[in-house]
>>> print(open('input_19.txt').read())   # compact mmCIF, C-alpha atoms
# COMPACT_ATOMS: atom_id res chain seq x y z
CA MET J 152 200.91 59.71 88.82
CA ARG J 153 201.70 62.16 86.03
CA THR J 154 199.36 65.17 85.93
CA LEU J 155 197.86 66.09 82.58
CA PRO J 156 198.73 69.59 81.35
CA ALA J 157 195.88 72.05 81.90
CA TRP J 158 195.39 72.61 78.16
CA LEU J 159 195.15 68.86 77.48
CA LEU J 160 192.74 68.30 80.35
CA GLY J 161 190.59 71.14 79.03
CA ALA J 162 190.58 69.61 75.55
CA LEU J 163 189.57 66.21 76.91
CA LEU J 164 186.80 67.77 78.95
CA LEU J 165 185.61 69.64 75.86
CA LEU J 166 185.33 66.29 74.05
CA LEU J 167 183.48 64.81 76.99
CA ALA J 168 181.15 67.81 77.07
CA GLY J 169 180.42 67.25 73.38
CA ARG J 170 179.43 63.66 74.11
CA ALA J 171 177.40 64.68 77.12
CA ALA J 172 175.42 67.08 74.95
CA ALA J 173 173.34 64.06 73.87
CA LEU J 174 172.40 63.43 77.50
CA PRO J 175 169.47 65.37 78.92
CA VAL J 176 169.85 68.49 81.01
CA GLY J 177 166.97 69.42 83.26
CA PHE J 178 165.88 72.98 83.85
CA THR J 179 163.59 74.83 86.21
CA THR J 180 163.06 78.31 87.60
CA LEU J 181 162.61 79.02 91.29
CA GLN J 182 161.47 81.88 93.49
CA VAL J 183 163.87 81.80 96.45
CA PRO J 184 162.80 83.64 99.63
CA ASP J 185 165.13 86.44 100.72
CA GLY J 186 163.82 87.59 104.08
CA ALA J 187 161.95 90.88 103.85
CA ALA J 188 163.28 91.51 100.33
CA PRO J 189 161.44 90.29 97.23
CA ALA J 190 161.89 86.63 96.32
CA ILE J 191 164.82 85.96 94.01
CA GLU J 192 164.26 84.55 90.53
CA VAL J 193 166.69 81.67 89.93
CA GLY J 194 167.36 79.55 86.86
CA VAL J 195 168.56 76.02 87.63
CA TRP J 196 170.27 73.68 85.14
CA TYR J 197 171.07 70.13 86.27
CA PRO J 198 171.69 66.59 85.01
CA GLY J 199 168.17 65.46 84.13
CA ASP J 200 166.41 62.20 83.48
CA ALA J 201 163.88 62.95 80.74
CA PRO J 202 163.84 63.75 77.01
CA THR J 203 164.75 67.30 76.00
CA ARG J 204 162.96 69.77 73.76
CA PRO J 205 163.74 73.30 72.53
CA THR J 206 163.08 75.54 75.53
CA ALA J 207 163.10 79.30 76.01
CA VAL J 208 165.62 80.48 78.59
CA GLY J 209 165.17 84.22 78.71
CA LEU J 210 165.86 85.30 75.13
CA PHE J 211 167.91 82.17 74.43
CA ARG J 212 166.73 78.72 73.33
CA GLN J 213 168.32 75.50 74.54
CA ASP J 214 167.54 71.79 74.34
CA LEU J 215 166.42 71.09 77.89
CA ALA J 216 164.10 68.85 79.88
CA PRO J 217 161.98 71.28 81.93
CA GLY J 218 161.04 69.85 85.31
CA ALA J 219 162.87 66.57 84.73
CA PRO J 220 163.89 64.43 87.73
CA VAL J 221 167.47 64.97 88.86
CA ARG J 222 169.92 62.35 87.62
CA GLY J 223 172.33 61.51 90.43
CA ARG J 224 172.93 62.45 94.05
CA GLY J 225 175.75 64.28 95.80
CA LEU J 226 176.35 66.54 92.78
CA PRO J 227 178.58 69.62 92.80
CA LEU J 228 176.88 73.03 92.75
CA VAL J 229 178.02 76.12 90.87
CA ALA J 230 176.28 79.43 91.64
CA ILE J 231 176.50 82.13 88.94
CA SER J 232 176.44 85.88 89.61
CA HIS J 233 175.68 87.99 86.53
CA GLY J 234 176.93 91.48 85.78
CA HIS J 235 175.13 94.80 86.11
CA GLY J 236 171.74 94.77 84.37
CA GLY J 237 171.79 91.05 83.56
CA ASN J 238 169.57 88.17 84.60
CA PHE J 239 169.62 84.44 85.34
CA ALA J 240 170.08 83.64 81.62
CA SER J 241 173.10 85.92 81.12
CA HIS J 242 175.47 82.93 81.12
CA ALA J 243 173.06 80.27 79.86
CA ASP J 244 175.67 78.68 77.60
CA LEU J 245 178.10 78.20 80.50
CA ALA J 246 175.30 76.86 82.70
CA LEU J 247 174.36 74.31 80.05
CA ALA J 248 177.97 73.17 79.60
CA LEU J 249 178.38 72.73 83.36
CA ALA J 250 175.14 70.74 83.67
CA GLN J 251 176.24 68.51 80.77
CA ALA J 252 179.42 67.84 82.74
CA GLY J 253 177.49 66.80 85.87
CA PHE J 254 177.12 70.04 87.83
CA VAL J 255 173.98 71.62 89.24
CA VAL J 256 173.94 75.31 88.31
CA ALA J 257 171.94 77.99 90.12
CA ALA J 258 171.87 81.44 88.52
CA PRO J 259 169.93 84.17 90.33
CA THR J 260 168.56 87.36 88.81
CA HIS J 261 169.98 89.90 91.27
CA THR J 262 167.24 91.94 92.94
CA GLY J 263 167.35 95.59 91.89
CA ASP J 264 170.25 95.07 89.47
CA ASN J 265 168.82 93.33 86.44
CA HIS J 266 167.47 94.05 82.98
CA ARG J 267 164.04 95.00 84.34
CA ASP J 268 164.99 96.94 87.48
CA GLN J 269 168.23 98.75 88.28
CA SER J 270 166.99 100.71 91.28
CA ARG J 271 169.54 98.97 93.57
CA ALA J 272 172.43 98.69 91.16
CA THR J 273 174.88 100.07 93.74
CA ASP J 274 173.65 97.83 96.59
CA ILE J 275 176.69 95.57 96.53
CA GLY J 276 175.93 94.23 99.99
CA GLY J 277 172.44 93.23 98.90
CA ARG J 278 173.91 91.29 96.00
CA THR J 279 175.96 89.14 98.39
CA ARG J 280 173.03 88.51 100.72
CA GLY J 281 170.82 87.32 97.88
CA PHE J 282 173.61 85.14 96.48
CA VAL J 283 174.14 83.40 99.82
CA ALA J 284 170.37 82.91 100.20
CA VAL J 285 170.31 81.10 96.85
CA ILE J 286 173.20 78.80 97.80
CA GLU J 287 171.54 77.98 101.12
CA HIS J 288 168.22 77.23 99.42
CA MET J 289 169.86 74.93 96.87
CA VAL J 290 171.75 72.97 99.51
CA SER J 291 169.02 72.79 102.15
CA ARG J 292 165.67 72.91 100.38
CA TRP J 293 165.87 72.23 96.65
CA GLU J 294 166.21 68.45 96.12
CA PRO J 295 167.18 66.51 99.26
CA GLY J 296 170.52 64.77 98.75
CA ALA J 297 171.04 66.12 95.22
CA ILE J 298 173.87 68.51 96.14
CA ASP J 299 177.09 67.77 97.96
CA PRO J 300 177.63 70.73 100.35
CA ALA J 301 181.37 70.05 100.30
CA ARG J 302 181.56 70.74 96.55
CA ILE J 303 180.29 74.26 95.93
CA GLY J 304 181.86 76.72 93.52
CA ALA J 305 180.92 80.10 92.09
CA PHE J 306 181.29 82.01 88.85
CA GLY J 307 180.99 85.78 88.64
CA PHE J 308 181.27 88.25 85.79
CA SER J 309 181.89 91.99 86.21
CA ALA J 310 179.73 93.06 89.20
CA GLY J 311 179.24 89.34 89.73
CA GLY J 312 183.01 88.89 89.96
CA PHE J 313 183.07 91.35 92.84
CA THR J 314 180.08 89.56 94.37
CA VAL J 315 181.67 86.11 94.48
CA LEU J 316 184.97 87.48 95.83
CA ALA J 317 183.10 89.21 98.65
CA VAL J 318 180.96 86.13 99.41
CA ALA J 319 184.14 84.03 99.53
CA GLY J 320 185.54 86.28 102.27
CA GLY J 321 186.97 89.25 100.39
CA GLU J 322 186.87 92.57 102.21
CA PRO J 323 187.15 95.51 99.78
CA ASP J 324 188.62 98.83 100.86
CA LEU J 325 185.78 101.05 99.68
CA SER J 326 187.65 104.19 100.69
CA ARG J 327 189.55 103.71 97.42
CA ILE J 328 186.46 104.39 95.32
CA GLY J 329 186.46 108.16 95.91
CA PRO J 330 190.05 108.77 94.72
CA HIS J 331 189.54 106.29 91.87
CA CYS J 332 186.54 108.23 90.55
CA ALA J 333 188.04 111.63 91.25
CA ALA J 334 190.99 110.69 89.07
CA ASP J 335 188.81 109.45 86.22
CA PRO J 336 185.07 110.04 86.58
CA GLY J 337 184.55 108.57 83.13
CA PHE J 338 185.07 105.00 84.35
CA TYR J 339 181.89 102.99 83.92
CA ASP J 340 181.52 102.18 87.63
CA CYS J 341 181.98 105.87 88.54
CA ARG J 342 179.30 106.96 86.09
CA LEU J 343 176.97 104.30 87.49
CA MET J 344 177.46 105.49 91.07
CA ALA J 345 177.16 109.16 90.10
CA ALA J 346 173.77 108.40 88.54
CA ALA J 347 172.54 106.47 91.60
CA ARG J 348 170.11 107.92 94.11
CA GLY J 349 172.00 110.46 96.18
CA GLY J 350 174.92 110.46 93.77
CA MET J 351 178.51 109.46 94.43
CA ALA J 352 178.56 110.86 97.98
CA ALA J 353 175.72 108.57 99.08
CA VAL J 354 177.52 105.51 97.72
CA ALA J 355 181.20 106.19 98.37
CA GLY J 356 181.43 109.46 100.29
CA PRO J 357 182.76 109.85 103.87
CA ALA J 358 179.25 109.65 105.32
CA ALA J 359 178.18 106.62 103.27
CA VAL J 360 177.03 103.64 105.32
CA PRO J 361 179.41 100.70 104.71
CA PRO J 362 177.58 97.74 103.16
CA ALA J 363 177.13 94.54 105.13
CA PHE J 364 178.49 91.65 103.09
CA ALA J 365 177.15 88.12 103.44
CA ARG J 366 179.75 85.35 103.43
CA ASP J 367 179.59 81.65 102.65
CA GLY J 368 182.47 79.51 103.90
CA ARG J 369 181.31 76.57 101.78
CA LEU J 370 182.76 77.95 98.55
CA ARG J 371 185.64 75.75 97.43
CA ALA J 372 186.52 77.27 94.03
CA LEU J 373 185.87 80.53 92.18
CA VAL J 374 185.88 81.62 88.55
CA VAL J 375 186.08 85.41 88.26
CA ALA J 376 185.82 87.26 84.94
CA ALA J 377 186.54 90.99 84.61
CA PRO J 378 185.79 91.81 88.26
CA ALA J 379 184.26 95.18 89.10
CA PHE J 380 185.94 97.29 91.84
CA GLY J 381 189.06 95.14 91.54
CA PHE J 382 191.19 98.10 92.64
CA ALA J 383 189.45 98.00 96.04
CA PHE J 384 190.94 94.64 96.97
CA THR J 385 194.27 94.55 98.82
CA PRO J 386 196.29 91.54 100.01
CA ALA J 387 194.82 92.03 103.48
CA GLY J 388 191.33 92.25 102.02
CA LEU J 389 191.67 88.97 100.10
CA ALA J 390 193.63 87.10 102.77
CA ARG J 391 190.67 84.78 103.44
CA VAL J 392 190.10 83.92 99.77
CA THR J 393 192.39 80.91 99.84
CA MET J 394 190.49 78.54 97.54
CA PRO J 395 191.56 77.97 93.92
CA VAL J 396 190.60 80.88 91.66
CA GLN J 397 190.51 81.06 87.87
CA LEU J 398 190.77 84.72 86.84
CA TRP J 399 189.78 85.94 83.37
CA MET J 400 190.63 89.28 81.80
CA ALA J 401 190.04 90.70 78.31
CA THR J 402 192.78 92.63 76.56
CA ASP J 403 190.36 95.09 74.94
CA ASP J 404 188.00 95.64 77.88
CA ALA J 405 186.80 99.24 77.58
CA ILE J 406 184.32 98.95 80.46
CA LEU J 407 186.66 97.75 83.23
CA PRO J 408 190.02 98.35 81.56
CA SER J 409 193.49 97.11 82.36
CA PRO J 410 195.30 97.53 84.71
CA VAL J 411 192.70 98.79 87.18
CA TYR J 412 190.37 95.86 87.80
CA ALA J 413 191.55 92.29 87.20
CA GLU J 414 195.24 92.94 87.82
CA PRO J 415 194.86 94.17 91.44
CA VAL J 416 192.83 91.03 92.22
CA ARG J 417 195.53 88.87 90.68
CA ALA J 418 198.21 90.60 92.78
CA ALA J 419 196.22 90.50 96.02
CA LEU J 420 195.08 86.87 96.08
CA PRO J 421 197.10 84.87 98.61
CA ARG J 422 197.11 81.84 96.31
CA PRO J 423 198.22 82.65 92.74
CA PRO J 424 195.17 82.28 90.50
CA GLU J 425 194.98 80.47 87.19
CA VAL J 426 195.02 83.48 84.89
CA ARG J 427 193.34 83.37 81.49
CA VAL J 428 193.75 86.30 79.09
CA ALA J 429 191.17 86.64 76.31
CA GLU J 430 193.09 88.23 73.46
CA ARG J 431 191.24 90.89 71.44
CA ALA J 432 188.13 90.36 73.56
CA GLY J 433 186.01 93.17 74.92
CA HIS J 434 184.13 93.24 78.22
CA PHE J 435 180.89 91.81 76.87
CA ASP J 436 182.59 89.00 74.98
CA PHE J 437 182.37 87.05 78.24
CA LEU J 438 178.64 86.84 77.47
CA PRO J 439 177.31 84.31 74.96
CA PRO J 440 176.55 85.26 71.35
CA CYS J 441 173.33 87.26 71.23
CA PRO J 442 170.16 85.89 69.66
CA GLU J 443 168.37 88.29 67.33
CA ALA J 444 165.94 89.48 70.01
CA LEU J 445 168.81 90.45 72.31
CA TRP J 446 170.59 92.26 69.48
CA ARG J 447 167.46 94.39 69.09
CA ALA J 448 167.01 94.96 72.84
CA ALA J 449 170.66 95.60 73.86
CA PRO J 450 172.98 96.03 70.88
CA ALA J 451 175.72 97.56 73.06
CA ILE J 452 176.45 94.21 74.70
CA CYS J 453 176.21 92.14 71.52
CA GLY J 454 178.89 93.49 69.20
CA SER J 455 182.47 92.21 69.07
CA ALA J 456 185.57 93.58 67.40
CA PRO J 457 186.04 92.69 63.72
CA GLY J 458 187.61 89.27 63.45
CA PHE J 459 186.76 88.20 67.00
CA ASP J 460 184.67 85.02 66.95
CA ARG J 461 182.52 85.24 70.07
CA ALA J 462 180.87 81.86 69.45
CA GLU J 463 184.22 80.07 69.28
CA PHE J 464 185.52 81.97 72.30
CA SER J 465 182.37 81.08 74.28
CA ARG J 466 182.96 77.38 73.63
CA ARG J 467 186.57 77.64 74.78
CA PHE J 468 185.60 79.79 77.77
CA ALA J 469 183.04 77.21 78.92
CA ALA J 470 185.43 74.30 78.36
CA GLU J 471 188.18 75.97 80.41
CA ILE J 472 185.77 76.68 83.26
CA VAL J 473 184.35 73.15 83.22
CA GLY J 474 187.89 71.77 83.34
CA PHE J 475 188.92 74.04 86.22
CA LEU J 476 185.85 73.25 88.34
CA ALA J 477 186.12 69.52 87.61
CA ARG J 478 189.66 69.64 89.00
CA THR J 479 188.90 71.82 92.01
CA LEU J 480 185.55 70.30 93.06
CA PRO J 481 186.46 66.60 92.75
CA PRO J 482 184.31 63.72 94.04
>>> encode(input="input_19.txt", output="structure tokens")
Amino acid sequence: MRTLPAWLLGALLLLLAGRAAALPVGFTTLQVPDGAAPAIEVGVWYPGDAPTRPTAVGLFRQDLAPGAPVRGRGLPLVAISHGHGGNFASHADLALALAQAGFVVAAPTHTGDNHRDQSRATDIGGRTRGFVAVIEHMVSRWEPGAIDPARIGAFGFSAGGFTVLAVAGGEPDLSRIGPHCAADPGFYDCRLMAAARGGMAAVAGPAAVPPAFARDGRLRALVVAAPAFGFAFTPAGLARVTMPVQLWMATDDAILPSPVYAEPVRAALPRPPEVRVAERAGHFDFLPPCPEALWRAAPAICGSAPGFDRAEFSRRFAAEIVGFLARTLPP
């Protein structure tokens, strides 16, 4: 059987997603237990079976059916890991597109690294533990039979990109952080660690306690956009990340710039990833267009370069991701 070109398959899926927009998408928020840590806030989008209405999702509004029954059984799950200072709604447009295409989407607000609380922004191990707890809750406790545990994927942006690579089995060489930041302390991640409790030495110094990463062997596909700490991954460190990966990078990323972050991940993955380059895009163009309230609250993440159409890019970004996950998490 002849295989459709990736661009044509993506276009067809975009058309299908447009049709599916008329079908209802359910939505709920959960509080997922995380051991002795605070419960994790999680937004869940899913194929629903009830009429929709305009619904607040963080600072966004979407046509959703809050609390609707789940339509279907044995559905694929995609877990989303947001970037530093984000929340469960950071990729609401992508979550909606995935749910319209038949996926269940679970997006946690990372404890201690969100828009309300950044006291644990450098706790990269804690991010992975919370992420795995959310996947386990969705598979084991959310809606019996709704999710197929053999079809689980993950999306991660920025710090979330690092998170999903580590959960999938990646082992970063954190000894590289010190030389990286010594060479250029102005990098965003270096400034973040320098401002953390105890400073850079407590996070990446010789006496720093190595983080314990949680893993989940059920992940079957990853989408990684502008991954943080990409330089810390070597071929040996990513040897166990053998599932299909779609890797996104932005040509004008001033936060995690080329060639320090996405390119090392691309080179180290044992299976060549599907690489997507967003021309003229900045780091925050991987986020959806900002509503007015978000413009007022966080203008730094809302602006794009003159001539860059973030709304159009967001539609293409979502369509490409839906197409990739539909191919890599098949029935």
>>> closest_residue(input="input_19.txt", among="J:Gly311, J:Gly263, J:Pro300, J:Pro295", to="Thr279 in chain J", atoms="only C-alpha atoms")
J:Gly311
>>> residues_around(input="input_19.txt", residues="Asp200 in chain J", least_positions_apart="4", cutoff="6 Å", atoms="all atoms listed in the file", output="ChimeraX atom specification")
/J:219-220,222
>>> closest_residue(input="input_19.txt", among="J:Val208, J:Leu181, J:Ala310, J:Ala363", to="Met289 in chain J", atoms="all atoms listed in the file")
J:Leu181
>>> closest_residue(input="input_19.txt", among="J:Ala383, J:Phe459, J:Asp185, J:Pro442", to="Ala207 in chain J", atoms="only C-alpha atoms")
J:Pro442
>>> closest_residue(input="input_19.txt", among="J:Arg278, J:Arg447, J:Arg292, J:Arg431", to="Thr314 in chain J", atoms="all atoms listed in the file")
J:Arg278
>>> closest_residue(input="input_19.txt", among="J:Arg342, J:Ala216, J:Ala246, J:Leu398", to="Ala272 in chain J", atoms="all atoms listed in the file")
J:Arg342
>>> atom_distance(input="input_19.txt", atom1="CA of Asp460 in chain J", atom2="CA of Val374 in chain J")
21.9 Å
>>> axis_aligned_box(input="input_19.txt", around="range 372-388 of chain J", padding_each_side="8 Å", output="AutoDock Vina command-line options")
--center_x 190.3 --center_y 87.7 --center_z 94.0 --size_x 28.0 --size_y 36.8 --size_z 34.9
>>> closest_residue(input="input_19.txt", among="J:Gly458, J:Gly186, J:Pro386, J:Pro227", to="Arg478 in chain J", atoms="all atoms listed in the file")
J:Pro227
